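Peer 1: Sharing upload27.cif here; it has mmCIF, C-alpha atoms and all ligand atoms.
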data_structure
loop_
_atom_site.group_PDB
_atom_site.id
_atom_site.type_symbol
_atom_site.label_atom_id
_atom_site.label_comp_id
_atom_site.auth_asym_id
_atom_site.auth_seq_id
_atom_site.Cartn_x
_atom_site.Cartn_y
_atom_site.Cartn_z
ATOM 1 C CA MET A 1 -4.021 70.740 -61.420
ATOM 2 C CA ASN A 2 -2.459 74.120 -61.474
ATOM 3 C CA ILE A 3 -3.496 75.936 -58.321
ATOM 4 C CA THR A 4 -2.443 79.545 -58.430
ATOM 5 C CA ALA A 5 -1.860 81.206 -55.105
ATOM 6 C CA TYR A 6 -1.117 84.827 -55.788
ATOM 7 C CA SER A 7 0.356 86.085 -52.576
ATOM 8 C CA THR A 8 1.030 83.281 -50.234
ATOM 9 C CA ASN A 9 2.926 85.386 -47.723
ATOM 10 C CA LYS A 10 0.154 87.935 -47.544
ATOM 11 C CA GLN A 11 -2.399 85.203 -46.992
ATOM 12 C CA GLU A 12 -0.293 83.673 -44.259
ATOM 13 C CA THR A 13 -0.470 86.882 -42.251
ATOM 14 C CA ARG A 14 -4.124 87.412 -43.062
ATOM 15 C CA CYS A 15 -5.480 84.029 -42.208
ATOM 16 C CA PRO A 16 -4.809 83.055 -38.644
ATOM 17 C CA ALA A 17 -7.647 80.559 -39.028
ATOM 18 C CA ARG A 18 -5.627 78.332 -41.361
ATOM 19 C CA THR A 19 -5.743 74.705 -40.407
ATOM 20 C CA ALA A 20 -2.697 72.653 -39.522
ATOM 21 C CA ALA A 21 -2.578 71.452 -43.115
ATOM 22 C CA GLY A 22 -2.231 75.070 -44.269
ATOM 23 C CA GLU A 23 -5.758 75.235 -45.550
ATOM 24 C CA MET A 24 -8.019 78.176 -44.823
ATOM 25 C CA PRO A 25 -11.546 77.210 -43.886
ATOM 26 C CA ILE A 26 -13.952 78.710 -46.407
ATOM 27 C CA PRO A 27 -16.591 80.791 -44.615
ATOM 28 C CA VAL A 28 -20.162 80.047 -45.752
ATOM 29 C CA PHE A 29 -23.048 81.945 -44.172
ATOM 30 C CA TYR A 30 -25.949 79.524 -44.184
ATOM 31 C CA SER A 31 -28.972 78.677 -42.117
ATOM 32 C CA PRO A 32 -31.945 76.439 -42.978
ATOM 33 C CA ALA A 33 -34.023 79.546 -42.166
ATOM 34 C CA MET A 34 -32.827 80.971 -45.522
ATOM 35 C CA VAL A 35 -34.846 78.347 -47.383
ATOM 36 C CA ALA A 36 -38.473 78.723 -48.423
ATOM 37 C CA ASN A 37 -40.899 77.217 -50.896
ATOM 38 C CA SER A 38 -41.691 80.192 -53.093
ATOM 39 C CA GLU A 39 -44.476 78.420 -55.060
ATOM 40 C CA SER A 40 -42.790 79.744 -58.198
ATOM 41 C CA PHE A 41 -40.986 78.579 -61.346
ATOM 42 C CA SER A 42 -37.810 80.060 -59.880
ATOM 43 C CA PRO A 43 -35.888 77.639 -57.649
ATOM 44 C CA SER A 44 -34.100 80.590 -55.985
ATOM 45 C CA ALA A 45 -35.783 80.429 -52.595
ATOM 46 C CA GLY A 46 -34.979 76.737 -52.162
ATOM 47 C CA LYS A 47 -31.485 76.940 -53.616
ATOM 48 C CA PRO A 48 -29.382 77.740 -50.530
ATOM 49 C CA ALA A 49 -29.879 74.250 -49.080
ATOM 50 C CA LEU A 50 -29.287 72.498 -52.407
ATOM 51 C CA ALA A 51 -26.114 74.461 -53.179
ATOM 52 C CA VAL A 52 -24.705 73.872 -49.711
ATOM 53 C CA GLU A 53 -25.498 70.159 -49.904
ATOM 54 C CA SER A 54 -23.797 69.912 -53.283
ATOM 55 C CA TRP A 55 -20.714 71.802 -52.065
ATOM 56 C CA GLN A 56 -20.332 69.408 -49.151
ATOM 57 C CA PHE A 57 -19.646 66.597 -51.631
ATOM 58 C CA LEU A 58 -16.586 68.465 -52.931
ATOM 59 C CA GLY A 59 -14.648 67.685 -49.776
ATOM 60 C CA LEU A 60 -13.432 71.265 -49.271
ATOM 61 C CA PRO A 61 -12.872 72.760 -45.805
ATOM 62 C CA LEU A 62 -16.154 74.686 -45.616
ATOM 63 C CA GLU A 63 -16.808 76.469 -42.346
ATOM 64 C CA PHE A 64 -20.467 77.185 -41.736
ATOM 65 C CA HIS A 65 -21.572 80.286 -39.863
ATOM 66 C CA THR A 66 -25.119 81.254 -38.936
ATOM 67 C CA PRO A 67 -25.973 84.581 -40.576
ATOM 68 C CA GLN A 68 -27.291 87.469 -38.526
ATOM 69 C CA PRO A 69 -30.908 87.971 -39.687
ATOM 70 C CA LEU A 70 -31.843 91.559 -40.584
ATOM 71 C CA SER A 71 -34.432 93.631 -38.754
ATOM 72 C CA ALA A 72 -37.024 95.713 -40.621
ATOM 73 C CA GLU A 73 -34.997 98.748 -39.621
ATOM 74 C CA GLN A 74 -31.864 97.310 -41.231
ATOM 75 C CA PHE A 75 -33.721 96.780 -44.530
ATOM 76 C CA GLY A 76 -34.645 100.460 -44.281
ATOM 77 C CA VAL A 77 -31.083 101.556 -45.091
ATOM 78 C CA ALA A 78 -31.790 100.700 -48.740
ATOM 79 C CA HIS A 79 -35.577 100.406 -48.968
ATOM 80 C CA ASP A 80 -38.688 102.447 -48.310
ATOM 81 C CA PRO A 81 -39.666 101.521 -44.713
ATOM 82 C CA ASP A 82 -43.383 101.169 -45.627
ATOM 83 C CA PHE A 83 -42.509 98.772 -48.453
ATOM 84 C CA VAL A 84 -40.402 96.726 -46.030
ATOM 85 C CA THR A 85 -43.192 96.522 -43.444
ATOM 86 C CA ASP A 86 -45.832 95.655 -46.033
ATOM 87 C CA VAL A 87 -43.780 92.811 -47.517
ATOM 88 C CA LEU A 88 -42.627 91.365 -44.198
ATOM 89 C CA SER A 89 -46.219 91.343 -42.920
ATOM 90 C CA CYS A 90 -47.445 89.756 -46.206
ATOM 91 C CA ARG A 91 -49.666 92.721 -47.081
ATOM 92 C CA SER A 92 -47.684 93.341 -50.305
ATOM 93 C CA ALA A 93 -46.473 90.761 -52.817
ATOM 94 C CA ASN A 94 -42.897 89.502 -52.677
ATOM 95 C CA GLY A 95 -40.626 89.203 -55.736
ATOM 96 C CA PHE A 96 -42.280 85.904 -56.658
ATOM 97 C CA GLY A 97 -45.613 87.718 -57.015
ATOM 98 C CA ASN A 98 -47.294 86.127 -53.995
ATOM 99 C CA LYS A 99 -47.693 86.849 -50.279
ATOM 100 C CA SER A 100 -46.161 83.641 -48.960
ATOM 101 C CA PRO A 101 -45.423 83.845 -45.216
ATOM 102 C CA ALA A 102 -42.580 81.328 -45.758
ATOM 103 C CA VAL A 103 -40.822 83.655 -48.205
ATOM 104 C CA ALA A 104 -41.334 86.630 -45.869
ATOM 105 C CA ALA A 105 -39.807 84.641 -43.007
ATOM 106 C CA ALA A 106 -36.735 83.703 -45.082
ATOM 107 C CA LEU A 107 -35.963 87.254 -46.298
ATOM 108 C CA PRO A 108 -34.204 88.539 -43.147
ATOM 109 C CA TRP A 109 -31.960 85.457 -43.340
ATOM 110 C CA THR A 110 -31.057 85.529 -47.048
ATOM 111 C CA ASN A 111 -30.319 89.251 -46.979
ATOM 112 C CA GLY A 112 -28.616 88.866 -43.610
ATOM 113 C CA ALA A 113 -26.358 86.175 -45.099
ATOM 114 C CA MET A 114 -25.064 88.679 -47.641
ATOM 115 C CA LEU A 115 -24.310 91.292 -44.986
ATOM 116 C CA SER A 116 -22.728 88.715 -42.685
ATOM 117 C CA ALA A 117 -20.551 87.361 -45.520
ATOM 118 C CA ALA A 118 -19.481 90.893 -46.418
ATOM 119 C CA ARG A 119 -18.486 91.620 -42.827
ATOM 120 C CA GLU A 120 -16.455 88.408 -42.749
ATOM 121 C CA ALA A 121 -14.763 89.246 -46.080
ATOM 122 C CA LEU A 122 -13.732 92.655 -44.715
ATOM 123 C CA LYS A 123 -12.344 90.916 -41.672
ATOM 124 C CA ASN A 124 -10.436 88.059 -43.306
ATOM 125 C CA LYS A 125 -9.510 90.261 -46.315
ATOM 126 C CA ILE A 126 -10.082 87.431 -48.789
ATOM 127 C CA GLY A 127 -13.714 86.476 -49.033
ATOM 128 C CA ALA A 128 -16.836 84.717 -47.842
ATOM 129 C CA ILE A 129 -19.905 83.115 -49.354
ATOM 130 C CA ALA A 130 -23.641 83.791 -49.025
ATOM 131 C CA PRO A 131 -25.395 80.904 -50.822
ATOM 132 C CA CYS A 132 -28.500 82.909 -51.736
ATOM 133 C CA SER A 133 -30.206 84.631 -54.636
ATOM 134 C CA GLY A 134 -32.963 87.057 -55.430
ATOM 135 C CA PHE A 135 -31.580 90.543 -54.899
ATOM 136 C CA HIS A 136 -30.874 92.662 -57.947
ATOM 137 C CA HIS A 137 -34.365 93.278 -59.379
ATOM 138 C CA ALA A 138 -35.579 94.614 -56.020
ATOM 139 C CA GLY A 139 -35.622 98.418 -56.025
ATOM 140 C CA TYR A 140 -36.131 101.064 -53.370
ATOM 141 C CA ASP A 141 -39.880 100.456 -53.116
ATOM 142 C CA PHE A 142 -40.612 97.593 -55.480
ATOM 143 C CA ALA A 143 -40.072 93.833 -55.791
ATOM 144 C CA GLY A 144 -39.964 91.814 -58.998
ATOM 145 C CA GLY A 145 -38.198 89.155 -61.047
ATOM 146 C CA TYR A 146 -37.958 86.723 -58.093
ATOM 147 C CA CYS A 147 -36.248 89.434 -56.029
ATOM 148 C CA THR A 148 -37.919 90.990 -52.985
ATOM 149 C CA PHE A 149 -35.280 92.949 -51.098
ATOM 150 C CA ASN A 150 -31.899 93.935 -52.469
ATOM 151 C CA GLY A 151 -29.352 92.250 -50.236
ATOM 152 C CA LEU A 152 -26.538 93.767 -52.304
ATOM 153 C CA MET A 153 -27.648 97.326 -51.657
ATOM 154 C CA VAL A 154 -28.731 96.665 -48.068
ATOM 155 C CA THR A 155 -25.214 95.347 -47.475
ATOM 156 C CA ALA A 156 -23.483 98.208 -49.282
ATOM 157 C CA ALA A 157 -25.602 100.908 -47.581
ATOM 158 C CA ALA A 158 -25.167 99.354 -44.135
ATOM 159 C CA LEU A 159 -21.373 99.144 -44.433
ATOM 160 C CA LEU A 160 -21.134 102.683 -45.812
ATOM 161 C CA ALA A 161 -23.341 104.037 -43.013
ATOM 162 C CA GLU A 162 -21.229 102.279 -40.386
ATOM 163 C CA GLY A 163 -17.995 103.561 -41.919
ATOM 164 C CA LYS A 164 -16.796 99.979 -42.492
ATOM 165 C CA ALA A 165 -16.266 100.798 -46.164
ATOM 166 C CA SER A 166 -15.962 104.043 -48.067
ATOM 167 C CA LYS A 167 -16.673 102.479 -51.463
ATOM 168 C CA VAL A 168 -18.356 99.172 -52.300
ATOM 169 C CA GLY A 169 -18.299 97.402 -55.670
ATOM 170 C CA ILE A 170 -21.187 95.380 -57.058
ATOM 171 C CA LEU A 171 -20.122 93.149 -59.936
ATOM 172 C CA ASP A 172 -23.223 91.546 -61.333
ATOM 173 C CA PHE A 173 -22.579 88.736 -63.811
ATOM 174 C CA ASP A 174 -26.118 87.423 -63.705
ATOM 175 C CA GLN A 175 -27.738 87.174 -67.145
ATOM 176 C CA HIS A 176 -30.041 90.069 -66.341
ATOM 177 C CA TRP A 177 -29.440 93.753 -65.701
ATOM 178 C CA GLY A 178 -29.637 94.739 -62.031
ATOM 179 C CA ASN A 179 -32.358 97.355 -62.438
ATOM 180 C CA GLY A 180 -33.265 97.283 -58.740
ATOM 181 C CA THR A 181 -29.653 97.823 -57.682
ATOM 182 C CA GLN A 182 -29.354 100.827 -59.981
ATOM 183 C CA ASP A 183 -32.707 102.206 -58.785
ATOM 184 C CA ILE A 184 -31.520 102.217 -55.171
ATOM 185 C CA ILE A 185 -28.169 103.769 -56.094
ATOM 186 C CA ASP A 186 -30.021 106.543 -57.935
ATOM 187 C CA ARG A 187 -32.725 107.094 -55.305
ATOM 188 C CA LEU A 188 -30.216 107.247 -52.441
ATOM 189 C CA ASN A 189 -27.654 109.169 -54.478
ATOM 190 C CA LEU A 190 -24.933 106.575 -53.848
ATOM 191 C CA GLY A 191 -23.283 106.782 -57.277
ATOM 192 C CA LYS A 192 -19.938 107.823 -55.785
ATOM 193 C CA GLU A 193 -19.910 105.266 -52.976
ATOM 194 C CA VAL A 194 -21.185 102.248 -54.926
ATOM 195 C CA MET A 195 -19.600 101.105 -58.187
ATOM 196 C CA HIS A 196 -22.150 98.942 -60.006
ATOM 197 C CA TYR A 197 -21.336 97.038 -63.171
ATOM 198 C CA SER A 198 -23.504 94.551 -64.981
ATOM 199 C CA PRO A 199 -23.114 93.849 -68.714
ATOM 200 C CA LYS A 200 -26.102 94.894 -70.816
ATOM 201 C CA SER A 201 -25.962 93.892 -74.476
ATOM 202 C CA GLU A 202 -22.263 94.437 -75.175
ATOM 203 C CA PHE A 203 -21.516 90.720 -74.845
ATOM 204 C CA SER A 204 -24.528 88.392 -74.249
ATOM 205 C CA ARG A 205 -24.098 86.097 -77.265
ATOM 206 C CA PRO A 206 -21.913 83.036 -77.810
ATOM 207 C CA ALA A 207 -19.786 84.772 -80.428
ATOM 208 C CA ARG A 208 -18.809 87.383 -77.806
ATOM 209 C CA ALA A 209 -18.095 84.912 -75.002
ATOM 210 C CA GLU A 210 -14.317 84.866 -75.352
ATOM 211 C CA ALA A 211 -14.220 88.655 -75.740
ATOM 212 C CA PHE A 212 -16.186 88.891 -72.493
ATOM 213 C CA LEU A 213 -13.739 86.647 -70.644
ATOM 214 C CA ALA A 214 -10.812 88.640 -71.997
ATOM 215 C CA ALA A 215 -12.446 91.916 -70.907
ATOM 216 C CA ILE A 216 -12.946 90.930 -67.266
ATOM 217 C CA PRO A 217 -9.529 92.117 -65.975
ATOM 218 C CA LYS A 218 -10.215 95.558 -67.472
ATOM 219 C CA ILE A 219 -13.739 95.578 -66.012
ATOM 220 C CA LEU A 220 -12.255 94.796 -62.586
ATOM 221 C CA GLU A 221 -9.899 97.765 -62.800
ATOM 222 C CA ARG A 222 -12.934 100.046 -62.522
ATOM 223 C CA PHE A 223 -13.319 98.711 -58.984
ATOM 224 C CA ALA A 224 -9.705 99.339 -57.954
ATOM 225 C CA ASP A 225 -10.636 101.878 -55.241
ATOM 226 C CA CYS A 226 -13.352 99.721 -53.667
ATOM 227 C CA ASP A 227 -12.908 98.340 -50.166
ATOM 228 C CA LEU A 228 -15.105 95.343 -50.889
ATOM 229 C CA MET A 229 -16.680 93.557 -53.848
ATOM 230 C CA LEU A 230 -20.119 91.993 -53.817
ATOM 231 C CA TYR A 231 -20.112 89.480 -56.670
ATOM 232 C CA GLN A 232 -23.213 87.931 -58.180
ATOM 233 C CA ALA A 233 -21.960 84.722 -59.795
ATOM 234 C CA GLY A 234 -25.169 84.127 -61.763
ATOM 235 C CA ALA A 235 -25.703 80.708 -63.341
ATOM 236 C CA ASP A 236 -28.328 81.918 -65.807
ATOM 237 C CA PRO A 237 -25.963 83.180 -68.537
ATOM 238 C CA HIS A 238 -25.546 79.463 -69.362
ATOM 239 C CA ILE A 239 -26.237 78.635 -72.967
ATOM 240 C CA ASP A 240 -28.893 76.059 -72.016
ATOM 241 C CA ASP A 241 -30.651 78.255 -69.472
ATOM 242 C CA PRO A 242 -34.255 79.038 -70.451
ATOM 243 C CA LEU A 243 -33.740 82.647 -69.301
ATOM 244 C CA GLY A 244 -30.130 82.975 -70.426
ATOM 245 C CA GLY A 245 -28.077 81.638 -73.228
ATOM 246 C CA TRP A 246 -24.493 82.471 -74.210
ATOM 247 C CA LEU A 247 -21.790 80.921 -71.978
ATOM 248 C CA SER A 248 -20.816 77.256 -71.700
ATOM 249 C CA THR A 249 -20.269 75.568 -68.343
ATOM 250 C CA ASP A 250 -16.516 75.869 -68.855
ATOM 251 C CA GLN A 251 -16.773 79.531 -69.818
ATOM 252 C CA LEU A 252 -18.775 80.236 -66.653
ATOM 253 C CA TYR A 253 -16.062 78.507 -64.635
ATOM 254 C CA ARG A 254 -13.394 80.599 -66.372
ATOM 255 C CA ARG A 255 -15.455 83.755 -65.748
ATOM 256 C CA ASP A 256 -15.415 83.068 -62.017
ATOM 257 C CA ARG A 257 -11.759 82.091 -61.972
ATOM 258 C CA VAL A 258 -10.732 85.316 -63.740
ATOM 259 C CA VAL A 259 -12.917 87.378 -61.392
ATOM 260 C CA PHE A 260 -11.453 85.857 -58.232
ATOM 261 C CA GLU A 261 -7.869 85.995 -59.518
ATOM 262 C CA GLY A 262 -8.328 89.633 -60.501
ATOM 263 C CA LEU A 263 -9.807 90.574 -57.127
ATOM 264 C CA SER A 264 -6.945 88.795 -55.394
ATOM 265 C CA ARG A 265 -4.449 90.811 -57.444
ATOM 266 C CA LEU A 266 -6.292 94.053 -56.683
ATOM 267 C CA ASP A 267 -6.454 93.121 -53.004
ATOM 268 C CA ILE A 268 -10.228 93.524 -52.860
ATOM 269 C CA PRO A 269 -12.052 91.111 -50.542
ATOM 270 C CA VAL A 270 -15.169 89.544 -52.013
ATOM 271 C CA ALA A 271 -18.515 88.361 -50.715
ATOM 272 C CA TRP A 272 -20.230 86.314 -53.401
ATOM 273 C CA ASN A 273 -23.651 84.822 -53.912
ATOM 274 C CA LEU A 274 -25.479 82.611 -56.377
ATOM 275 C CA ALA A 275 -27.964 84.815 -58.292
ATOM 276 C CA GLY A 276 -30.078 83.277 -61.106
ATOM 277 C CA GLY A 277 -30.144 79.847 -62.744
ATOM 278 C CA TYR A 278 -33.240 78.147 -64.135
ATOM 279 C CA GLN A 279 -32.213 74.878 -65.776
ATOM 280 C CA PHE A 280 -33.860 71.655 -64.692
ATOM 281 C CA ASP A 281 -32.672 68.100 -65.169
ATOM 282 C CA GLU A 282 -34.848 65.211 -66.341
ATOM 283 C CA ALA A 283 -35.793 64.309 -62.777
ATOM 284 C CA GLY A 284 -37.056 67.849 -62.142
ATOM 285 C CA GLY A 285 -34.018 68.760 -60.034
ATOM 286 C CA ILE A 286 -31.607 71.622 -60.660
ATOM 287 C CA ARG A 287 -28.388 69.603 -61.088
ATOM 288 C CA PRO A 288 -27.173 71.666 -64.086
ATOM 289 C CA VAL A 289 -27.446 74.857 -61.995
ATOM 290 C CA LEU A 290 -25.740 73.228 -59.009
ATOM 291 C CA ASP A 291 -22.851 72.123 -61.257
ATOM 292 C CA ILE A 292 -22.286 75.783 -62.151
ATOM 293 C CA HIS A 293 -22.376 76.838 -58.496
ATOM 294 C CA ASP A 294 -19.949 73.986 -57.657
ATOM 295 C CA ASN A 295 -17.580 75.401 -60.243
ATOM 296 C CA THR A 296 -17.808 78.885 -58.720
ATOM 297 C CA LEU A 297 -16.702 77.467 -55.383
ATOM 298 C CA VAL A 298 -13.870 75.564 -57.085
ATOM 299 C CA ALA A 299 -12.761 78.713 -58.927
ATOM 300 C CA PHE A 300 -12.785 80.632 -55.625
ATOM 301 C CA VAL A 301 -10.616 78.007 -53.962
ATOM 302 C CA GLU A 302 -8.223 77.764 -56.911
ATOM 303 C CA ALA A 303 -7.797 81.527 -57.231
ATOM 304 C CA TYR A 304 -6.801 82.013 -53.619
ATOM 305 C CA GLY A 305 -5.171 78.652 -53.143
ATOM 306 C CA HIS A 306 -6.852 78.335 -49.782
ATOM 307 C CA ALA A 307 -7.326 74.626 -49.976
ATOM 308 C CA SER A 308 -6.378 71.713 -52.150
ATOM 309 C CA LEU A 309 -9.079 70.259 -54.297
ATOM 310 C CA PRO A 310 -9.964 66.624 -53.831
ATOM 311 C CA GLY A 311 -8.151 64.645 -56.526
ATOM 312 C CA GLU A 312 -11.293 63.195 -58.028
ATOM 313 C CA TYR A 313 -12.776 66.621 -58.673
ATOM 314 C CA ALA A 314 -9.487 67.962 -59.963
ATOM 315 C CA GLN A 315 -9.256 65.120 -62.451
ATOM 316 C CA ARG A 316 -12.786 65.711 -63.648
ATOM 317 C CA ARG A 317 -11.956 69.372 -64.190
ATOM 318 C CA GLU A 318 -8.792 68.522 -66.136
ATOM 319 C CA ALA A 319 -10.713 66.055 -68.275
ATOM 320 C CA ALA A 320 -13.438 68.597 -69.013
HETATM 321 ZN ZN ZN B 401 -31.003 86.458 -63.858
#
For the structure just supplied, provide its representation as structure tokens.
Ligand SMILES: [Zn+2]
Peer 2:
Amino acid sequence: MNITAYSTNKQETRCPARTAAGEMPIPVFYSPAMVANSESFSPSAGKPALAVESWQFLGLPLEFHTPQPLSAEQFGVAHDPDFVTDVLSCRSANGFGNKSPAVAAALPWTNGAMLSAAREALKNKIGAIAPCSGFHHAGYDFAGGYCTFNGLMVTAAALLAEGKASKVGILDFDQHWGNGTQDIIDRLNLGKEVMHYSPKSEFSRPARAEAFLAAIPKILERFADCDLMLYQAGADPHIDDPLGGWLSTDQLYRRDRVVFEGLSRLDIPVAWNLAGGYQFDEAGGIRPVLDIHDNTLVAFVEAYGHASLPGEYAQRREAA
């Protein structure tokens, strides 16, 4: 297993929280309050618990933090305040197309996890994880596509307003275009302060997969002046995904590895989340999606060299 640690000395000074073994605990912002039954085809609302459970089997030094839930006022930095109130009080439909009180109750926590992870990434200067989904189709005053509020833009707008960042990057490698993200950027006139990139049709087919992977370092250069990256590591571009269809499991792993290595080189801290993924296994579970999210965590760890991978997992990866 070839673990690449790009700037060991730099990380030494940055990570006072390293353990005695030299490993940096990996900050994960998770609370059971993030989980809801959305009564929908999309597993997104239930995914935080499943992803976290799966990651715990990898034997990595995860360090769990409780996210700070958002207030209605905090959502208002990126959304129409009336839209926020109507959704939180179940008068308007959420991104799953229903008025589920359970989904409404989880929203401050999922979106709060993204903001909390971003704050931690700015602090530790490497990165942090928000194991949640359902952001990028939510616009200034609309929900849709399993997305209710846009945790990416709430996070970016909050950090910009507080002066914690002067420019925030949003790298969206979900299968689908982040129309809600772009809507908020346009409505709030944040085009200079937020760099948003999500591939449209320039890649999106198996024959273009390797070209896509080769293009990532160049794509990352567009973010060179950002203080922070918010990365949507979507699992739905997988070739077997019913809503996706062009990258293999290994190519998705390589995508994430190249992203994290590039951000490390550019010295841009990253807060990443799960985004879409809609495959089911024969038992009705989402094991194929969880395998992809496991690989994202492994790629994150390998890129920064924060921790050694358990031998069994490393061998599986080398055999793959
Ligand atoms: Zn998607």
Peer 1: Kindly work out which residues sit at most 9 Å from ligand ZN 401 (chain B), using all atoms listed in the file, and give the list as a PyMOL selection string.
Peer 2: chain A and resi 134+136-137+145+173-178+234-237+243-244+275-278
Peer 1: Write out as an MDAnalysis selection string the residues lying within 6 Å of stretch 104-116 of chain A, counting only C-alpha atoms and excluding same-chain residues fewer than 2 positions away.
Peer 2: chainID A and resid 29 33:34 67:70 88 101:102 118:119 130 132 151 155
Peer 1: With distances taken over all atoms listed in the file, which residue among A:Gly262, A:Gly139, A:Gly144, A:Pro206 lies nearest A:Thr181?
Peer 2: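 Selected residue with least distance to A:Thr181: A:Gly139.
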Peer 1: Any chance you could work out the residue set of the PyMOL selection byres (((chain A and resi 28) around 8) and not hetatm) here, as a ChimeraX atom specification?
Peer 2: /A:26-27,29-30,62-65,117,128-131
Peer 1: The PyMOL selection byres (((chain A and resi 231) around 8) and not hetatm) - which residues does that actually catch in the file I just gave you? List them as a short mmCIF file (atom, residue, chain, number, x, y, z; two decimals) with C-alpha atoms, in the frame of the given file.
Peer 2:
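So result.cif came out as:
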data_model
loop_
_atom_site.label_atom_id
_atom_site.label_comp_id
_atom_site.auth_asym_id
_atom_site.auth_seq_id
_atom_site.Cartn_x
_atom_site.Cartn_y
_atom_site.Cartn_z
CA ILE A 170 -21.19 95.38 -57.06
CA LEU A 171 -20.12 93.15 -59.94
CA ASP A 172 -23.22 91.55 -61.33
CA PHE A 173 -22.58 88.74 -63.81
CA MET A 229 -16.68 93.56 -53.85
CA LEU A 230 -20.12 91.99 -53.82
CA GLN A 232 -23.21 87.93 -58.18
CA ALA A 233 -21.96 84.72 -59.80
CA VAL A 270 -15.17 89.54 -52.01
CA ALA A 271 -18.52 88.36 -50.72
CA TRP A 272 -20.23 86.31 -53.40
CA ASN A 273 -23.65 84.82 -53.91
#
Peer 1: Determine, counting all atoms listed in the file, which protein, DNA and RNA residues have an atom within 10 Å of an atom of A:Tyr146; residues of the same chain fewer than 6 positions away are not included. Present the result as a list in words.
Peer 2: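 Close residues of A:Tyr146: Ser38, Ser40, Phe41, Ser42, Pro43, Ser44, Ala45, Asn94, Gly95, Phe96, Gly97, Ser133, Gly134, Phe135, His136, His137, Ala138 and Gly276 of chain A.
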Peer 1: Could you state the separation of atom CA of A:Ala224 and atom CA of A:Val77 in Å, given to one decimal place?
Peer 2: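 If I compute the distance from atom CA of A:Ala224 to atom CA of A:Val77, I get 25.0 Å.
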Peer 1: Given the file shown, determine the residues that the PyMOL selection byres (((chain A and resi 187-190) around 12) and not hetatm) selects; report them as a PyMOL selection string.
Peer 2: chain A and resi 76-80+139-141+153-154+156-157+160-161+166-169+180-186+191-196
Peer 1: Once you have the residues from the selection above, write them out as an mmCIF file, keeping the file's coordinate frame, restricted to C-alpha atoms.
Peer 2:
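Below is the file that was written, selection-v8.cif:
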data_model
loop_
_atom_site.group_PDB
_atom_site.id
_atom_site.type_symbol
_atom_site.label_atom_id
_atom_site.label_comp_id
_atom_site.auth_asym_id
_atom_site.auth_seq_id
_atom_site.Cartn_x
_atom_site.Cartn_y
_atom_site.Cartn_z
ATOM 1 C CA GLY A 76 -34.645 100.460 -44.281
ATOM 2 C CA VAL A 77 -31.083 101.556 -45.091
ATOM 3 C CA ALA A 78 -31.790 100.700 -48.740
ATOM 4 C CA HIS A 79 -35.577 100.406 -48.968
ATOM 5 C CA ASP A 80 -38.688 102.447 -48.310
ATOM 6 C CA GLY A 139 -35.622 98.418 -56.025
ATOM 7 C CA TYR A 140 -36.131 101.064 -53.370
ATOM 8 C CA ASP A 141 -39.880 100.456 -53.116
ATOM 9 C CA MET A 153 -27.648 97.326 -51.657
ATOM 10 C CA VAL A 154 -28.731 96.665 -48.068
ATOM 11 C CA ALA A 156 -23.483 98.208 -49.282
ATOM 12 C CA ALA A 157 -25.602 100.908 -47.581
ATOM 13 C CA LEU A 160 -21.134 102.683 -45.812
ATOM 14 C CA ALA A 161 -23.341 104.037 -43.013
ATOM 15 C CA SER A 166 -15.962 104.043 -48.067
ATOM 16 C CA LYS A 167 -16.673 102.479 -51.463
ATOM 17 C CA VAL A 168 -18.356 99.172 -52.300
ATOM 18 C CA GLY A 169 -18.299 97.402 -55.670
ATOM 19 C CA GLY A 180 -33.265 97.283 -58.740
ATOM 20 C CA THR A 181 -29.653 97.823 -57.682
ATOM 21 C CA GLN A 182 -29.354 100.827 -59.981
ATOM 22 C CA ASP A 183 -32.707 102.206 -58.785
ATOM 23 C CA ILE A 184 -31.520 102.217 -55.171
ATOM 24 C CA ILE A 185 -28.169 103.769 -56.094
ATOM 25 C CA ASP A 186 -30.021 106.543 -57.935
ATOM 26 C CA GLY A 191 -23.283 106.782 -57.277
ATOM 27 C CA LYS A 192 -19.938 107.823 -55.785
ATOM 28 C CA GLU A 193 -19.910 105.266 -52.976
ATOM 29 C CA VAL A 194 -21.185 102.248 -54.926
ATOM 30 C CA MET A 195 -19.600 101.105 -58.187
ATOM 31 C CA HIS A 196 -22.150 98.942 -60.006
#
Peer 1: What gap, in Å, lies between atom CA of A:Ala214 and atom CA of A:Leu228?
Peer 2: 22.6 Å
Peer 1: Do you have the atom CA of A:Pro61-atom CA of A:Ile292 distance handy?
Peer 2: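 Between atom CA of A:Pro61 and atom CA of A:Ile292 the gap works out to 19.1 Å.
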Peer 1: For A:Ala49, which of A:Ser71, A:Leu274, A:Glu221, A:Phe300 is the closest residue, counting only C-alpha atoms?
Peer 2: A:Leu274
Peer 1: Box along x, y and z, 5 Å on every side, all listed atoms of stretch 213-220 of chain A inside: centre and edge lengths in Å to one decimal, as lines of an AutoDock Vina configuration file.
Peer 2:
center_x = -11.6
center_y = 91.1
center_z = -67.3
size_x = 14.2
size_y = 18.9
size_z = 19.4
Peer 1: Return the single residue from A:Gly59, A:Val87, A:Ser201, A:Phe212 that is closest to A:Phe75, with distances computed using all atoms listed in the file.
Peer 2: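 The shortest atom-to-atom distance to A:Phe75 comes from A:Val87.
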Peer 1: Determine, counting all atoms listed in the file, every residue of protein, DNA or RNA that lies within 7 Å of (-32.8, 76.6, -49.0) in the file coordinates, then give the result as a PyMOL selection string.
Peer 2: chain A and resi 32+34-36+45-50
Peer 1: For the selection you just gave me, I'd like the residues written to a file as a short mmCIF file (atom, residue, chain, number, x, y, z; two decimals), in the coordinates of the input, keeping C-alpha atoms.
Peer 2:
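Wrote it out as part_21.cif, contents follow:
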data_model
loop_
_atom_site.label_atom_id
_atom_site.label_comp_id
_atom_site.auth_asym_id
_atom_site.auth_seq_id
_atom_site.Cartn_x
_atom_site.Cartn_y
_atom_site.Cartn_z
CA PRO A 32 -31.94 76.44 -42.98
CA MET A 34 -32.83 80.97 -45.52
CA VAL A 35 -34.85 78.35 -47.38
CA ALA A 36 -38.47 78.72 -48.42
CA ALA A 45 -35.78 80.43 -52.60
CA GLY A 46 -34.98 76.74 -52.16
CA LYS A 47 -31.48 76.94 -53.62
CA PRO A 48 -29.38 77.74 -50.53
CA ALA A 49 -29.88 74.25 -49.08
CA LEU A 50 -29.29 72.50 -52.41
#
